Amino acid sequence: MNQKIGFIGCGNMAKAMIGGMVESKFASPDQVYASNRSLPNLEEVHQKYGVQVTQDNLEVAKKCEILFLAVKPKFYPAVIEQIKDSVHENAMIIMIAAGQTIEQNEQRFGKRMKMVRSMPNTPSLVGEGMTGVSINDLITEEETRLIQSLFECFGRVEFLSEDLMDAVSGVSGASPAYGYMFIEALADGAVQQGIPRKQAYVFAAQALLGAAKMVLETDLHPGELKDQVCSPGGATIEAVAKLEETGFRSSVIQAVHACTEKSKRMRK
Ligand SMILES: NC(=O)C1=CN([C@@H]2O[C@H](COP(=O)(O)OP(=O)(O)OC[C@H]3O[C@@H](n4cnc5c(N)ncnc54)[C@H](OP(=O)(O)O)[C@@H]3O)[C@@H](O)[C@H]2O)C=CC1
Ligand SMILES: O=C(O)[C@@H]1CCC=N1
């Protein structure tokens, strides 16, 4: 691809995607532009990845055919107001904000635009991102393939209807945070049993990475994979029973629900 890719807002999520794109060589550093309110994040991405940086949002909006809006949802109205008359004539706008809808942002631009609503996650930085994507009807099949390969350069992508995008925040946008909490908790448990802290994180994280890979690569149901670990009368089933007793699954389901509902409220 030879389009220029711009990021307005260069915080945690933009940095993860820029890192993923440049490290995977999907885009060369001179194709990628980022603007941000303050300097430190810009200096960081320039130093690490060699991408072009500026504090002027308009410069990025004018230059880039693919434009990520990577500011917090509450800043979308002001940023769109600022750039709407300057965006590239062929611009495709990629929203990454929780809760923001395509219709809402078309209205802010005051005209029909090629719009993508996406929900990526921070493991994009290490090539293991998961992104949910919805597109509007102005996006062609060729552009859809481009969007797919763009997000695939740092992980997996699934297209789905826009009414499910808030739930994507709950299941994959936010869930790395739940995963880190689980890893911390597993490691605390291991430390309690005498395993050194540093090793405890390796044991916990690698075990979960392996479990995730088993689900994605064996096509077996997660329940069946769980059953394979639980030897009859063995140790694992004791732990599983304790997790059930303390509401583990219900607590995770409620967490996804809370995140999804909050995502919906964030567009108001
Ligand atoms: N973090 C995550 O895991 C995920 C985040 N998202 C979405 O990504 C978006 C960004 O989130 P995240 O990266 O975490 O947030 P951050 O706060 O880390 O980054 C937002 C960046 O936007 C900059 N900014 C704010 N206002 C402007 C402006 N007017 N012009 C230019 N830059 C501006 C901020 O600059 P400054 O530093 O100067 O304040 C900051 O660097 C959100 O909409 C969020 O919903 C989606 C999926 C996952
Ligand atoms: O917390 C948030 O609002 C964003 C959306 C998903 C992950 N971070």
# chains A, B, ... in the order shown; residues from 1 in each chain; ligands from 1
>>> select_by_dssp(residues="region 38-200 of chain A", states="strand (DSSP E or B)", output="list of chain:residue names")
A:Gln52, A:Val53, A:Thr54, A:Ile66, A:Leu67, A:Phe68, A:Leu69, A:Met92, A:Ile93, A:Ile94, A:Met95, A:Lys114, A:Met115, A:Val116, A:Arg117, A:Ser118, A:Met119, A:Gly129, A:Met130, A:Thr131, A:Gly132, A:Val133, A:Ser134, A:Ile135, A:Gly155, A:Arg156, A:Val157, A:Glu158, A:Phe159
>>> closest_atom_pairs(of="chain A", to="ligand 2", cutoff="12 Å", atoms="only C-alpha atoms and all ligand atoms", output="Markdown table")
| residue | atom | partner | partner_atom_place_in_ligand_line | distance |
| --- | --- | --- | --- | --- |
| A:Gly11 | CA | ligand 2 | 8 (N) | 11.4 |
| A:Asn12 | CA | ligand 2 | 8 (N) | 9.3 |
| A:Met13 | CA | ligand 2 | 8 (N) | 8.3 |
| A:Ala14 | CA | ligand 2 | 8 (N) | 11.8 |
| A:Ala70 | CA | ligand 2 | 4 (C) | 10.8 |
| A:Val71 | CA | ligand 2 | 4 (C) | 10.6 |
| A:Lys72 | CA | ligand 2 | 3 (O) | 7.9 |
| A:Pro73 | CA | ligand 2 | 3 (O) | 8.2 |
| A:Lys74 | CA | ligand 2 | 3 (O) | 10.6 |
| A:Met95 | CA | ligand 2 | 5 (C) | 11.8 |
| A:Ile96 | CA | ligand 2 | 5 (C) | 8.4 |
| A:Ala97 | CA | ligand 2 | 5 (C) | 6.7 |
| A:Ala98 | CA | ligand 2 | 5 (C) | 4.9 |
| A:Gly99 | CA | ligand 2 | 5 (C) | 8.4 |
| A:Gln100 | CA | ligand 2 | 5 (C) | 10.7 |
| A:Ser118 | CA | ligand 2 | 5 (C) | 10.6 |
| A:Met119 | CA | ligand 2 | 6 (C) | 7.2 |
| A:Pro120 | CA | ligand 2 | 6 (C) | 7.8 |
| A:Asn121 | CA | ligand 2 | 7 (C) | 6.6 |
| A:Thr122 | CA | ligand 2 | 7 (C) | 8.1 |
| A:Pro123 | CA | ligand 2 | 7 (C) | 11.2 |
| A:Met130 | CA | ligand 2 | 6 (C) | 11.4 |
| A:Thr131 | CA | ligand 2 | 6 (C) | 10.7 |
| A:Gly132 | CA | ligand 2 | 6 (C) | 11.3 |
| A:Met165 | CA | ligand 2 | 6 (C) | 10.8 |
| A:Asp166 | CA | ligand 2 | 5 (C) | 9.2 |
| A:Ala167 | CA | ligand 2 | 6 (C) | 10.1 |
| A:Val168 | CA | ligand 2 | 6 (C) | 8.4 |
| A:Ser169 | CA | ligand 2 | 6 (C) | 4.9 |
| A:Gly170 | CA | ligand 2 | 6 (C) | 7.2 |
| A:Val171 | CA | ligand 2 | 6 (C) | 9.2 |
| A:Ser172 | CA | ligand 2 | 6 (C) | 7.7 |
| A:Gly173 | CA | ligand 2 | 6 (C) | 4.1 |
| A:Ala174 | CA | ligand 2 | 7 (C) | 4.0 |
| A:Ser175 | CA | ligand 2 | 7 (C) | 7.7 |
| A:Pro176 | CA | ligand 2 | 7 (C) | 8.4 |
| A:Ala177 | CA | ligand 2 | 7 (C) | 8.2 |
| A:Tyr178 | CA | ligand 2 | 7 (C) | 10.7 |
| A:Val256 | CA | ligand 2 | 6 (C) | 11.0 |
| A:Ala258 | CA | ligand 2 | 1 (O) | 11.4 |
| A:Cys259 | CA | ligand 2 | 1 (O) | 8.1 |
| A:Thr260 | CA | ligand 2 | 6 (C) | 9.5 |
| A:Glu261 | CA | ligand 2 | 3 (O) | 11.2 |
| A:Lys262 | CA | ligand 2 | 3 (O) | 8.2 |
| A:Ser263 | CA | ligand 2 | 3 (O) | 7.0 |
| A:Lys264 | CA | ligand 2 | 3 (O) | 10.6 |
| A:Arg265 | CA | ligand 2 | 3 (O) | 10.8 |
| A:Met266 | CA | ligand 2 | 3 (O) | 8.4 |
| A:Arg267 | CA | ligand 2 | 3 (O) | 11.3 |
>>> write_last_selection(atoms="N, CA and C atoms", output="CSV table (one decimal), in the first residue's frame")
chain,number,residue,atom,x,y,z
A,11,GLY,N,-1.6,8.6,21.9
A,11,GLY,CA,-1.5,8.0,23.3
A,11,GLY,C,-1.2,6.5,23.2
A,12,ASN,N,-1.7,5.8,24.3
A,12,ASN,CA,-1.4,4.4,24.4
A,12,ASN,C,-1.8,3.6,23.2
A,13,MET,N,-3.1,3.8,22.7
A,13,MET,CA,-3.5,3.0,21.6
A,13,MET,C,-2.9,3.3,20.3
A,14,ALA,N,-2.7,4.6,20.0
A,14,ALA,CA,-2.0,5.0,18.8
A,14,ALA,C,-0.6,4.4,18.8
A,70,ALA,N,-7.5,9.1,17.2
A,70,ALA,CA,-7.1,8.3,18.4
A,70,ALA,C,-7.0,9.1,19.6
A,71,VAL,N,-8.0,10.0,19.7
A,71,VAL,CA,-8.1,10.8,21.0
A,71,VAL,C,-9.3,10.1,21.8
A,72,LYS,N,-9.4,10.5,23.1
A,72,LYS,CA,-10.5,10.0,23.9
A,72,LYS,C,-11.8,10.4,23.3
A,73,PRO,N,-12.9,9.6,23.6
A,73,PRO,CA,-14.2,9.9,23.0
A,73,PRO,C,-14.6,11.3,23.2
A,74,LYS,N,-14.4,11.9,24.4
A,74,LYS,CA,-14.9,13.2,24.7
A,74,LYS,C,-14.2,14.3,23.9
A,95,MET,N,-12.3,5.5,13.2
A,95,MET,CA,-12.5,5.8,14.7
A,95,MET,C,-12.1,4.6,15.5
A,96,ILE,N,-11.5,4.9,16.6
A,96,ILE,CA,-11.1,3.8,17.5
A,96,ILE,C,-11.8,4.0,18.9
A,97,ALA,N,-12.6,5.0,19.0
A,97,ALA,CA,-13.1,5.4,20.4
A,97,ALA,C,-14.2,4.5,20.8
A,98,ALA,N,-14.2,4.1,22.1
A,98,ALA,CA,-15.3,3.4,22.7
A,98,ALA,C,-16.6,4.2,22.5
A,99,GLY,N,-17.6,3.5,22.1
A,99,GLY,CA,-19.0,4.1,22.1
A,99,GLY,C,-19.3,5.0,20.9
A,100,GLN,N,-18.4,5.6,20.3
A,100,GLN,CA,-18.7,6.6,19.2
A,100,GLN,C,-19.3,5.8,18.0
A,118,SER,N,-13.8,1.1,14.6
A,118,SER,CA,-13.0,0.0,15.0
A,118,SER,C,-12.8,-0.1,16.5
A,119,MET,N,-12.5,-1.2,17.0
A,119,MET,CA,-12.1,-1.3,18.5
A,119,MET,C,-10.9,-2.3,18.5
A,120,PRO,N,-9.7,-1.7,18.5
A,120,PRO,CA,-8.5,-2.5,18.6
A,120,PRO,C,-8.2,-2.7,20.1
A,121,ASN,N,-7.0,-3.3,20.3
A,121,ASN,CA,-6.5,-3.4,21.7
A,121,ASN,C,-5.0,-3.2,21.8
A,122,THR,N,-4.5,-3.0,23.0
A,122,THR,CA,-3.1,-2.6,23.1
A,122,THR,C,-2.1,-3.8,22.7
A,123,PRO,N,-2.4,-5.0,22.8
A,123,PRO,CA,-1.5,-6.1,22.4
A,123,PRO,C,-1.1,-5.9,20.9
A,130,MET,N,-6.3,-7.7,18.7
A,130,MET,CA,-7.6,-8.2,18.3
A,130,MET,C,-8.5,-6.9,18.0
A,131,THR,N,-9.0,-6.8,16.8
A,131,THR,CA,-9.7,-5.6,16.4
A,131,THR,C,-11.1,-6.0,15.9
A,132,GLY,N,-12.2,-5.4,16.3
A,132,GLY,CA,-13.5,-5.5,15.8
A,132,GLY,C,-13.7,-4.3,14.8
A,165,MET,N,-20.6,-3.5,18.3
A,165,MET,CA,-19.3,-2.9,18.6
A,165,MET,C,-19.0,-2.5,20.1
A,166,ASP,N,-20.1,-2.2,20.8
A,166,ASP,CA,-19.9,-1.9,22.2
A,166,ASP,C,-19.5,-3.1,23.0
A,167,ALA,N,-20.0,-4.3,22.5
A,167,ALA,CA,-19.7,-5.5,23.2
A,167,ALA,C,-18.2,-5.9,22.9
A,168,VAL,N,-17.7,-5.5,21.7
A,168,VAL,CA,-16.3,-5.7,21.4
A,168,VAL,C,-15.4,-5.0,22.4
A,169,SER,N,-15.8,-3.8,22.8
A,169,SER,CA,-15.0,-3.1,23.9
A,169,SER,C,-14.9,-4.1,25.1
A,170,GLY,N,-16.1,-4.7,25.5
A,170,GLY,CA,-16.1,-5.6,26.7
A,170,GLY,C,-15.3,-6.9,26.5
A,171,VAL,N,-15.3,-7.4,25.3
A,171,VAL,CA,-14.7,-8.8,25.2
A,171,VAL,C,-13.2,-8.7,24.8
A,172,SER,N,-12.8,-7.7,24.0
A,172,SER,CA,-11.4,-7.6,23.6
A,172,SER,C,-10.7,-6.3,23.7
A,173,GLY,N,-11.5,-5.2,23.6
A,173,GLY,CA,-10.8,-3.8,23.7
A,173,GLY,C,-10.3,-3.7,25.1
A,174,ALA,N,-11.1,-4.0,26.1
A,174,ALA,CA,-10.7,-3.9,27.5
A,174,ALA,C,-10.1,-5.1,28.1
A,175,SER,N,-10.3,-6.3,27.5
A,175,SER,CA,-10.0,-7.5,28.3
A,175,SER,C,-8.5,-7.8,28.5
A,176,PRO,N,-7.6,-7.1,27.7
A,176,PRO,CA,-6.2,-7.3,28.2
A,176,PRO,C,-6.0,-6.8,29.7
A,177,ALA,N,-6.8,-5.8,30.1
A,177,ALA,CA,-6.7,-5.4,31.5
A,177,ALA,C,-7.2,-6.5,32.4
A,178,TYR,N,-8.2,-7.2,32.0
A,178,TYR,CA,-8.7,-8.3,32.9
A,178,TYR,C,-7.6,-9.4,32.9
A,256,VAL,N,-17.8,-8.0,31.5
A,256,VAL,CA,-18.0,-7.7,30.1
A,256,VAL,C,-19.3,-6.9,29.9
A,258,ALA,N,-20.7,-4.8,32.1
A,258,ALA,CA,-20.4,-3.4,32.6
A,258,ALA,C,-19.7,-2.6,31.6
A,259,CYS,N,-18.7,-3.2,31.0
A,259,CYS,CA,-17.9,-2.5,30.0
A,259,CYS,C,-18.7,-2.1,28.8
A,260,THR,N,-19.5,-3.1,28.3
A,260,THR,CA,-20.4,-2.8,27.1
A,260,THR,C,-21.4,-1.7,27.4
A,261,GLU,N,-22.0,-1.7,28.6
A,261,GLU,CA,-23.0,-0.7,28.9
A,261,GLU,C,-22.3,0.7,29.1
A,262,LYS,N,-21.1,0.7,29.6
A,262,LYS,CA,-20.4,2.0,29.8
A,262,LYS,C,-20.0,2.5,28.4
A,263,SER,N,-19.6,1.6,27.5
A,263,SER,CA,-19.3,2.0,26.1
A,263,SER,C,-20.5,2.7,25.5
A,264,LYS,N,-21.7,2.1,25.7
A,264,LYS,CA,-22.9,2.7,25.1
A,264,LYS,C,-23.1,4.1,25.7
A,265,ARG,N,-22.9,4.3,27.0
A,265,ARG,CA,-23.1,5.6,27.7
A,265,ARG,C,-22.1,6.6,27.2
A,266,MET,N,-20.9,6.2,26.7
A,266,MET,CA,-19.9,7.1,26.3
A,266,MET,C,-20.2,7.9,25.1
A,267,ARG,N,-21.2,7.6,24.3
A,267,ARG,CA,-21.6,8.4,23.2
A,267,ARG,C,-22.5,9.5,23.5
>>> atom_distance(atom1="CA of Glu158 (chain A)", atom2="CA of His257 (chain A)")
20.0 Å
>>> select_by_dssp(residues="region 24-130 of chain A", states="alpha helix (DSSP H)", output="PyMOL selection string")
chain A and resi 40-49+57-63+76-83+102-109
>>> atom_distance(atom1="CA of Asn57 (chain A)", atom2="CA of Val32 (chain A)")
13.6 Å
>>> closest_residue(among="A:Gln192, A:Gln55, A:Asn36, A:Gln31", to="ligand 1", atoms="only C-alpha atoms and all ligand atoms")
A:Asn36
>>> closest_residue(among="A:Ser161, A:Ser35, A:Ser28, A:Ser231", to="ligand 1", atoms="only C-alpha atoms and all ligand atoms")
A:Ser35
>>> residues_around(residues="region 83-91 of chain A", least_positions_apart="2", cutoff="8 Å", atoms="only C-alpha atoms", output="JSON, numbers by chain")
{"A": [57, 58, 61, 62, 63, 64, 65, 66, 67, 79, 80, 81, 93, 109, 113, 114]}
>>> write_last_selection(atoms="C-alpha atoms", output="mmCIF file, in the first residue's frame")
data_model
loop_
_atom_site.group_PDB
_atom_site.id
_atom_site.type_symbol
_atom_site.label_atom_id
_atom_site.label_comp_id
_atom_site.auth_asym_id
_atom_site.auth_seq_id
_atom_site.Cartn_x
_atom_site.Cartn_y
_atom_site.Cartn_z
ATOM 1 C CA ASN A 57 -3.607 18.140 13.688
ATOM 2 C CA LEU A 58 -4.428 19.913 10.431
ATOM 3 C CA ALA A 61 -5.549 15.640 8.396
ATOM 4 C CA LYS A 62 -4.570 17.274 5.094
ATOM 5 C CA LYS A 63 -1.848 14.780 4.178
ATOM 6 C CA CYS A 64 -3.283 11.395 5.063
ATOM 7 C CA GLU A 65 -5.746 9.255 3.106
ATOM 8 C CA ILE A 66 -6.168 6.935 6.095
ATOM 9 C CA LEU A 67 -6.837 8.925 9.218
ATOM 10 C CA VAL A 79 -11.114 17.397 16.883
ATOM 11 C CA ILE A 80 -13.654 16.809 14.093
ATOM 12 C CA GLU A 81 -14.730 20.451 14.217
ATOM 13 C CA ILE A 93 -11.690 8.035 8.756
ATOM 14 C CA PHE A 109 -18.236 16.095 9.664
ATOM 15 C CA MET A 113 -17.385 10.239 4.631
ATOM 16 C CA LYS A 114 -15.779 6.839 4.308
#
>>> closest_residue(among="A:Leu216, A:Ile18, A:Ile195, A:Ile5", to="ligand 1", atoms="only C-alpha atoms and all ligand atoms")
A:Ile18
>>> atom_distance(atom1="CA of Ile147 (chain A)", atom2="CA of Pro29 (chain A)")
18.4 Å
>>> closest_residue(among="A:Asn2, A:Ser24, A:His46, A:Val60", to="ligand 1", atoms="only C-alpha atoms and all ligand atoms")
A:Val60
